[in-house]
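*Asks:* Got a structure here, written out as structure tokens. Questions coming.
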Amino acid sequence: MSKFNIYKIPKVNQEDLIQKFNSVGLHQISSKYIRNFHLDFFLSSNPELIDIWWTEYYSDFFDENEIPQNKIYFGCLIIYNDELCYVISLGKTHFYLKEFSDLEFGINLAERIIDINNLKLKNSKFYKSKRNKSIVSFSENTSLDYDSGESLHFVKAKTIDQNLWGNTASFGHSVQLSMDITIQELPTLIERIESKLSEDPVTNFPKAELIKDQSEIDRLDILIAEGIRDYDSNVGNDEFDLSGVDFIFTSNAVFVFKLKGTNIESENFMELSMDDLREFLELNNIDIVDKLNRIQVKFIRDEGRNLTKSLKSILQYVTDDRETLIDSKWYKFNQSYVNLLNEKVDKIQFNYFPDFDYPTRIIEDTFNDDRVSDGYLNLHTSMVTIARRYTVENMDLYKDDTLFFVKKGGPKELNYAIDQATNIIKLLKNNESKIQNNGEDLNVTTINIWGLIERVTNISKVSDFRSLIFIMKMNELYREATDAGLSLNFNINYINRP
């Protein structure tokens, strides 16, 4: 039984890929021609010696002996004809393939050949979530299911036909198949893959799809560069990366920021930080908007296999128009992703009380003060103690075991109230389920976000807000409240409405 880690290469990238291989010491050593396909085998001609990380610490024991180094070979098989190009990766070659590959290939094939009732492992990203990313394994006979806000990036599962695809396969940027076939049968396998990709999928994953319009890519590059420069909290970085079907954890390395094509480098950092990045840019007078695609991150890894990646490849970002940055490329969430998210947030109880609308503009303090006559306790004017230890002042109203977080404005302003509520839930969950106001215990069973909206169009459910970031954050608040044993409601009122 052999394992085949297969990448699909757009035909236009084939020559550039071969040039890349030659530049890193990977050269063609032989070729075959089978069933109208060329099979070119590439092997690292003289792989560099790699330092062994532990030899420095134990150097006293080597005495006169030469400090050992590892020599690690790598290679690949390119299978191509006039229309198609695939690569079977061997060893570390996958590090060079991502840049030239169809990164949607693995998941696209998975939608067509996995047994959705026999999942083994999945890797997903949760945008605007404290979980960020997760790797989850499953017991036998587990059906594929998703959480709201989850975008699938990797899946390992049994296949629909063991004879055609092997028993179990892994799907990420590439596809890893375990099959008992000969070299002579590889072209037939490639033809089978191509045929399957032309069929309709048996399932549609919530996922992000590649943006190919260069003008859109340029616009989004400027957007994220300005976000880095202007301290936009939506810009962050990944904790681990996916290369083919292999995971790379950033916690296993130290980091150096570099400006490609120059000798400009930062000091070593033990973790990736947006503040450290901005310091590097400021110290070296680098305009991030102009130089975004020249900023690199060097990973210095314990096992000695260092690598350098573009800054964009480790950033995470999402816009209200559903675009997101994944592995240095811009994607847009598909409708399955958005539908799943909307379905979840629309389970949040939605309330509208017309008597609390205002015909003129008001401030939040006025709204809160006016609610006292309706039986609400105004907490915004007093300091509140949680668990007899934490004093906070960012709650607004309380009534009938419910904490209200009031915010005037649109989704951007409401995001602030969501963050306030999330922090309070964490304090309640980690300590006790009561808060104190002026020495009196206030029992809390429900969290309520109360939006004061200046708009004409009626809102009847959370998903009516046309802000993906807001909906993602509400979804995560719903998850946090549920985990803490609390209910989540959403109130709305209109102000200055004609």
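Chains: A, B, ... in order of the structure tokens. Residues: from 1 per chain. Ligands: from 1, in order shown.
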Based on the backbone DSSP call, show me all residues of segment 143-207 of chain A assigned alpha helix (DSSP H), as a compact mmCIF listing (two decimals) with N, CA and C atoms, in the first residue's frame.
*Replies:*
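Now in result-v8.txt:
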```txt
# COMPACT_ATOMS: atom_id res chain seq x y z
N GLN A 162 -13.82 2.17 -1.85
CA GLN A 162 -12.46 1.78 -1.48
C GLN A 162 -11.65 1.34 -2.71
N ASN A 163 -12.29 0.73 -3.68
CA ASN A 163 -11.57 0.24 -4.86
C ASN A 163 -11.06 1.38 -5.73
N LEU A 164 -11.80 2.48 -5.76
CA LEU A 164 -11.41 3.61 -6.60
C LEU A 164 -10.52 4.62 -5.90
N TRP A 165 -10.70 4.78 -4.58
CA TRP A 165 -10.03 5.88 -3.86
C TRP A 165 -9.26 5.43 -2.63
N LEU A 186 -0.93 5.26 -12.37
CA LEU A 186 -1.09 6.64 -11.89
C LEU A 186 -1.81 7.53 -12.90
N PRO A 187 -1.52 7.46 -14.20
CA PRO A 187 -2.29 8.29 -15.14
C PRO A 187 -3.79 7.99 -15.10
N THR A 188 -4.14 6.74 -14.92
CA THR A 188 -5.55 6.38 -14.81
C THR A 188 -6.18 7.04 -13.58
N LEU A 189 -5.43 7.07 -12.48
CA LEU A 189 -5.91 7.73 -11.27
C LEU A 189 -6.15 9.21 -11.52
N ILE A 190 -5.24 9.87 -12.22
CA ILE A 190 -5.40 11.30 -12.52
C ILE A 190 -6.63 11.52 -13.38
N GLU A 191 -6.84 10.67 -14.38
CA GLU A 191 -8.04 10.79 -15.23
C GLU A 191 -9.30 10.59 -14.40
N ARG A 192 -9.26 9.67 -13.43
CA ARG A 192 -10.42 9.43 -12.57
C ARG A 192 -10.72 10.66 -11.71
N ILE A 193 -9.67 11.29 -11.20
CA ILE A 193 -9.84 12.51 -10.39
C ILE A 193 -10.47 13.61 -11.23
N GLU A 194 -9.95 13.82 -12.43
CA GLU A 194 -10.48 14.86 -13.31
C GLU A 194 -11.95 14.62 -13.64
N SER A 195 -12.28 13.37 -13.89
CA SER A 195 -13.66 13.03 -14.20
C SER A 195 -14.57 13.32 -13.01
N LYS A 196 -14.10 13.00 -11.81
CA LYS A 196 -14.92 13.21 -10.61
C LYS A 196 -15.13 14.69 -10.33
N LEU A 197 -14.10 15.50 -10.58
CA LEU A 197 -14.21 16.93 -10.34
C LEU A 197 -15.23 17.58 -11.26
```
*Asks:* Do you know which residues are at most 7 Å from segment 72-85 of chain A counting only C-alpha atoms, after dropping those on the same chain fewer than 3 positions away, and could you put them as a list in words?
*Replies:* Lys8, Ile9, Pro10, Lys11, Leu26, Asn36, Phe37, His38, Leu39, Asp40, Phe41, Phe42, Leu43, Ser44, Pro47, Ile88, Ser89, Leu90, Gly91, Lys92 and Thr93 of chain A
*Asks:* Please identify all polymer residues within 9 Å of Leu210 of chain A, counting only C-alpha atoms, omitting same-chain residues fewer than 4 positions from it, and present them as a ChimeraX atom specification.
*Replies:* /A:103-104,329-333
*Asks:* Kindly save the residues from that selection, with N, CA and C atoms included, as a PDB file, in the first residue's frame.
*Replies:*
```pdb
ATOM      1  N   LEU A 103      -5.427  25.622  -4.629  1.00  0.00           N
ATOM      2  CA  LEU A 103      -5.604  25.352  -3.209  1.00  0.00           C
ATOM      3  C   LEU A 103      -7.013  24.872  -2.867  1.00  0.00           C
ATOM      4  N   GLU A 104      -7.936  24.955  -3.798  1.00  0.00           N
ATOM      5  CA  GLU A 104      -9.295  24.467  -3.566  1.00  0.00           C
ATOM      6  C   GLU A 104      -9.471  23.008  -3.997  1.00  0.00           C
ATOM      7  N   LYS A 329      -3.793  34.313   0.190  1.00  0.00           N
ATOM      8  CA  LYS A 329      -4.701  34.544  -0.917  1.00  0.00           C
ATOM      9  C   LYS A 329      -6.070  34.986  -0.396  1.00  0.00           C
ATOM     10  N   TRP A 330      -6.756  35.778  -1.219  1.00  0.00           N
ATOM     11  CA  TRP A 330      -8.059  36.299  -0.839  1.00  0.00           C
ATOM     12  C   TRP A 330      -9.178  35.359  -1.296  1.00  0.00           C
ATOM     13  N   TYR A 331     -10.105  35.130  -0.381  1.00  0.00           N
ATOM     14  CA  TYR A 331     -11.249  34.256  -0.637  1.00  0.00           C
ATOM     15  C   TYR A 331     -12.538  34.978  -0.252  1.00  0.00           C
ATOM     16  N   LYS A 332     -13.648  34.398  -0.696  1.00  0.00           N
ATOM     17  CA  LYS A 332     -14.950  34.892  -0.275  1.00  0.00           C
ATOM     18  C   LYS A 332     -15.774  33.711   0.216  1.00  0.00           C
ATOM     19  N   PHE A 333     -16.421  33.869   1.380  1.00  0.00           N
ATOM     20  CA  PHE A 333     -17.220  32.787   1.947  1.00  0.00           C
ATOM     21  C   PHE A 333     -18.361  32.416   1.005  1.00  0.00           C
TER      22      PHE A 333
END
```
*Asks:* Using only C-alpha atoms, determine which residues lie at most 9 Å from segment 279-289 of chain A, disregarding the query and same-chain residues fewer than 2 positions distant; provide the list as a list in words.
*Replies:*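 Counting only C-alpha atoms, the residues come to Asp221, Ile222, Leu223, Ile224, Ala225, Glu226, Ile228, Arg229, Phe257, Lys258, Leu259, Ile264, Glu265, Ser266, Glu267, Met274, Asp275, Asp276, Leu277, Lys291, Leu292, Asn293 and Ile295 of chain A.
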*Asks:* Write a file of the just-selected residues containing C-alpha atoms, as a PDB file, in the first residue's frame.
*Replies:*
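Here's the written file again_24.pdb:
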```
ATOM      1  CA  ASP A 221      -4.402  44.254  -0.031  1.00  0.00           C
ATOM      2  CA  ILE A 222      -4.720  47.984   0.613  1.00  0.00           C
ATOM      3  CA  LEU A 223      -7.561  47.337   3.062  1.00  0.00           C
ATOM      4  CA  ILE A 224      -5.597  44.908   5.235  1.00  0.00           C
ATOM      5  CA  ALA A 225      -2.399  46.978   5.027  1.00  0.00           C
ATOM      6  CA  GLU A 226      -4.296  50.017   6.306  1.00  0.00           C
ATOM      7  CA  ILE A 228      -2.287  46.814  10.216  1.00  0.00           C
ATOM      8  CA  ARG A 229      -1.125  50.418  10.171  1.00  0.00           C
ATOM      9  CA  PHE A 257      10.297  39.890  10.142  1.00  0.00           C
ATOM     10  CA  LYS A 258      12.103  40.648   6.857  1.00  0.00           C
ATOM     11  CA  LEU A 259      11.794  42.994   3.897  1.00  0.00           C
ATOM     12  CA  ILE A 264      16.416  44.607   6.662  1.00  0.00           C
ATOM     13  CA  GLU A 265      15.396  42.197   9.419  1.00  0.00           C
ATOM     14  CA  SER A 266      13.862  42.431  12.874  1.00  0.00           C
ATOM     15  CA  GLU A 267      15.164  40.907  16.066  1.00  0.00           C
ATOM     16  CA  MET A 274       0.866  42.715  15.433  1.00  0.00           C
ATOM     17  CA  ASP A 275       2.551  45.163  17.820  1.00  0.00           C
ATOM     18  CA  ASP A 276       5.986  43.678  17.044  1.00  0.00           C
ATOM     19  CA  LEU A 277       5.202  43.873  13.335  1.00  0.00           C
ATOM     20  CA  LYS A 291       5.346  47.067   0.730  1.00  0.00           C
ATOM     21  CA  LEU A 292       2.759  44.561   2.016  1.00  0.00           C
ATOM     22  CA  ASN A 293       3.695  41.880  -0.507  1.00  0.00           C
ATOM     23  CA  ILE A 295       7.146  41.653   4.015  1.00  0.00           C
TER      24      ILE A 295
END
```
*Asks:* Env of Gly375 of chain A: 12 Å cut, atoms = only C-alpha atoms, seq-sep filter 5 positions within chain, self excluded. Answer as a ChimeraX atom specification.
*Replies:* /A:368-370,397-400
*Asks:* Atom CA of Val155 of chain A and atom CA of Asp115 of chain A, how far apart in Å?
*Replies:*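 Computed distance, atom CA of Asp115 of chain A to atom CA of Val155 of chain A, equals 11.1 Å.
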*Asks:* Mind checking which residues fall within 10 Å of segment 484-491 of chain A, counting only C-alpha atoms, ignoring those fewer than 2 positions away in the same chain, and posting them as a ChimeraX atom specification?
*Replies:* /A:347-353,402-406,425-426,428-430,433,444-452,461-462,474,477-482,493
*Asks:* Using DSSP on the backbone coordinates, identify the residues of segment 225-381 of chain A assigned to strand (DSSP E); present them as a compact mmCIF listing (two decimals) with N, CA and C atoms, in the first residue's frame.
*Replies:*
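Written out: out-v1.txt:
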```txt
# COMPACT_ATOMS: atom_id res chain seq x y z
N GLY A 236 -5.41 39.91 12.58
CA GLY A 236 -4.71 39.05 13.53
C GLY A 236 -3.79 38.10 12.79
N ASN A 237 -3.30 37.08 13.49
CA ASN A 237 -2.42 36.11 12.86
C ASN A 237 -2.81 34.70 13.29
N PHE A 240 -1.65 28.18 13.65
CA PHE A 240 -1.04 27.10 12.89
C PHE A 240 -1.47 27.20 11.44
N ASP A 241 -0.66 26.58 10.59
CA ASP A 241 -0.85 26.68 9.16
C ASP A 241 -1.04 25.29 8.59
N LEU A 242 -1.66 25.23 7.42
CA LEU A 242 -1.86 23.96 6.73
C LEU A 242 -1.04 23.99 5.46
N SER A 243 -0.16 23.00 5.29
CA SER A 243 0.64 22.87 4.08
C SER A 243 0.32 21.51 3.47
N ASP A 246 -0.38 18.65 5.88
CA ASP A 246 0.45 18.71 7.08
C ASP A 246 0.18 19.99 7.84
N PHE A 247 0.17 19.91 9.18
CA PHE A 247 -0.04 21.08 10.01
C PHE A 247 1.30 21.62 10.52
N ILE A 248 1.45 22.94 10.49
CA ILE A 248 2.65 23.61 10.98
C ILE A 248 2.22 24.53 12.11
N PHE A 249 2.69 24.29 13.32
CA PHE A 249 2.29 25.09 14.48
C PHE A 249 3.29 26.21 14.72
N ALA A 253 8.28 27.66 17.02
CA ALA A 253 9.31 28.42 16.32
C ALA A 253 9.50 29.78 16.97
N VAL A 254 10.62 30.44 16.59
CA VAL A 254 10.79 31.86 16.86
C VAL A 254 10.73 32.56 15.50
N PHE A 255 10.54 33.88 15.50
CA PHE A 255 10.20 34.56 14.26
C PHE A 255 11.05 35.79 14.02
N VAL A 256 11.28 36.06 12.74
CA VAL A 256 11.99 37.26 12.31
C VAL A 256 11.20 37.88 11.16
N PHE A 257 10.92 39.17 11.25
CA PHE A 257 10.30 39.89 10.14
C PHE A 257 11.39 40.37 9.18
N LYS A 258 11.12 40.28 7.87
CA LYS A 258 12.10 40.65 6.86
C LYS A 258 11.43 41.47 5.77
N LEU A 259 12.24 42.31 5.11
CA LEU A 259 11.79 42.99 3.90
C LEU A 259 12.49 42.33 2.72
N ILE A 295 6.85 41.99 2.62
CA ILE A 295 7.15 41.65 4.01
C ILE A 295 7.07 40.15 4.18
N GLN A 296 8.10 39.58 4.82
CA GLN A 296 8.17 38.14 5.02
C GLN A 296 8.36 37.82 6.51
N VAL A 297 8.05 36.58 6.87
CA VAL A 297 8.27 36.09 8.22
C VAL A 297 9.14 34.84 8.13
N LYS A 298 10.27 34.85 8.81
CA LYS A 298 11.15 33.68 8.85
C LYS A 298 10.83 32.87 10.10
N PHE A 299 10.55 31.58 9.91
CA PHE A 299 10.26 30.66 11.00
C PHE A 299 11.55 29.91 11.33
N ILE A 300 12.08 30.08 12.53
CA ILE A 300 13.27 29.35 12.97
C ILE A 300 12.77 28.23 13.85
N ARG A 301 12.85 27.01 13.35
CA ARG A 301 12.19 25.87 13.98
C ARG A 301 13.16 24.97 14.72
N LEU A 307 11.95 27.97 7.54
CA LEU A 307 11.29 28.35 6.31
C LEU A 307 10.87 29.81 6.40
N THR A 308 10.70 30.41 5.24
CA THR A 308 10.28 31.79 5.15
C THR A 308 8.97 31.87 4.41
N LYS A 309 8.02 32.62 4.96
CA LYS A 309 6.69 32.76 4.36
C LYS A 309 6.37 34.24 4.21
N SER A 310 5.47 34.54 3.31
CA SER A 310 5.01 35.92 3.18
C SER A 310 4.20 36.32 4.40
N LEU A 315 -1.49 36.06 8.16
CA LEU A 315 -2.49 37.00 8.66
C LEU A 315 -3.89 36.41 8.56
N GLN A 316 -4.77 36.85 9.43
CA GLN A 316 -6.19 36.51 9.33
C GLN A 316 -6.99 37.80 9.35
N GLU A 323 -15.23 38.70 2.36
CA GLU A 323 -13.89 38.34 1.93
C GLU A 323 -13.01 38.02 3.13
N THR A 324 -12.07 37.13 2.92
CA THR A 324 -11.14 36.78 4.00
C THR A 324 -9.80 36.37 3.40
N LEU A 325 -8.76 36.50 4.20
CA LEU A 325 -7.40 36.16 3.76
C LEU A 325 -7.02 34.80 4.33
N ILE A 326 -6.66 33.87 3.44
CA ILE A 326 -6.26 32.53 3.84
C ILE A 326 -5.00 32.16 3.08
N LYS A 329 -3.79 34.31 0.19
CA LYS A 329 -4.70 34.54 -0.92
C LYS A 329 -6.07 34.99 -0.40
N TRP A 330 -6.76 35.78 -1.22
CA TRP A 330 -8.06 36.30 -0.84
C TRP A 330 -9.18 35.36 -1.30
N TYR A 331 -10.11 35.13 -0.38
CA TYR A 331 -11.25 34.26 -0.64
C TYR A 331 -12.54 34.98 -0.25
N LYS A 332 -13.65 34.40 -0.70
CA LYS A 332 -14.95 34.89 -0.28
C LYS A 332 -15.77 33.71 0.22
N PHE A 333 -16.42 33.87 1.38
CA PHE A 333 -17.22 32.79 1.95
C PHE A 333 -18.36 32.42 1.00
N GLN A 349 -33.41 34.97 20.59
CA GLN A 349 -34.72 35.61 20.77
C GLN A 349 -34.62 37.09 20.44
N PHE A 350 -35.53 37.56 19.59
CA PHE A 350 -35.52 38.94 19.09
C PHE A 350 -36.75 39.67 19.63
N ASN A 351 -36.54 40.86 20.21
CA ASN A 351 -37.64 41.62 20.83
C ASN A 351 -37.67 43.05 20.28
N TYR A 352 -38.86 43.55 20.03
CA TYR A 352 -39.05 44.94 19.64
C TYR A 352 -40.19 45.52 20.46
N LEU A 377 -33.28 48.55 36.48
CA LEU A 377 -32.22 49.08 37.34
C LEU A 377 -31.12 49.62 36.45
N ASN A 378 -30.78 50.90 36.59
CA ASN A 378 -29.74 51.52 35.78
C ASN A 378 -28.38 51.26 36.42
```
*Asks:* May I ask for the distance between atom CA of Leu341 of chain A and atom CA of Asp401 of chain A, given in Å to one decimal place?
*Replies:*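 These atoms are spaced 27.9 Å apart.
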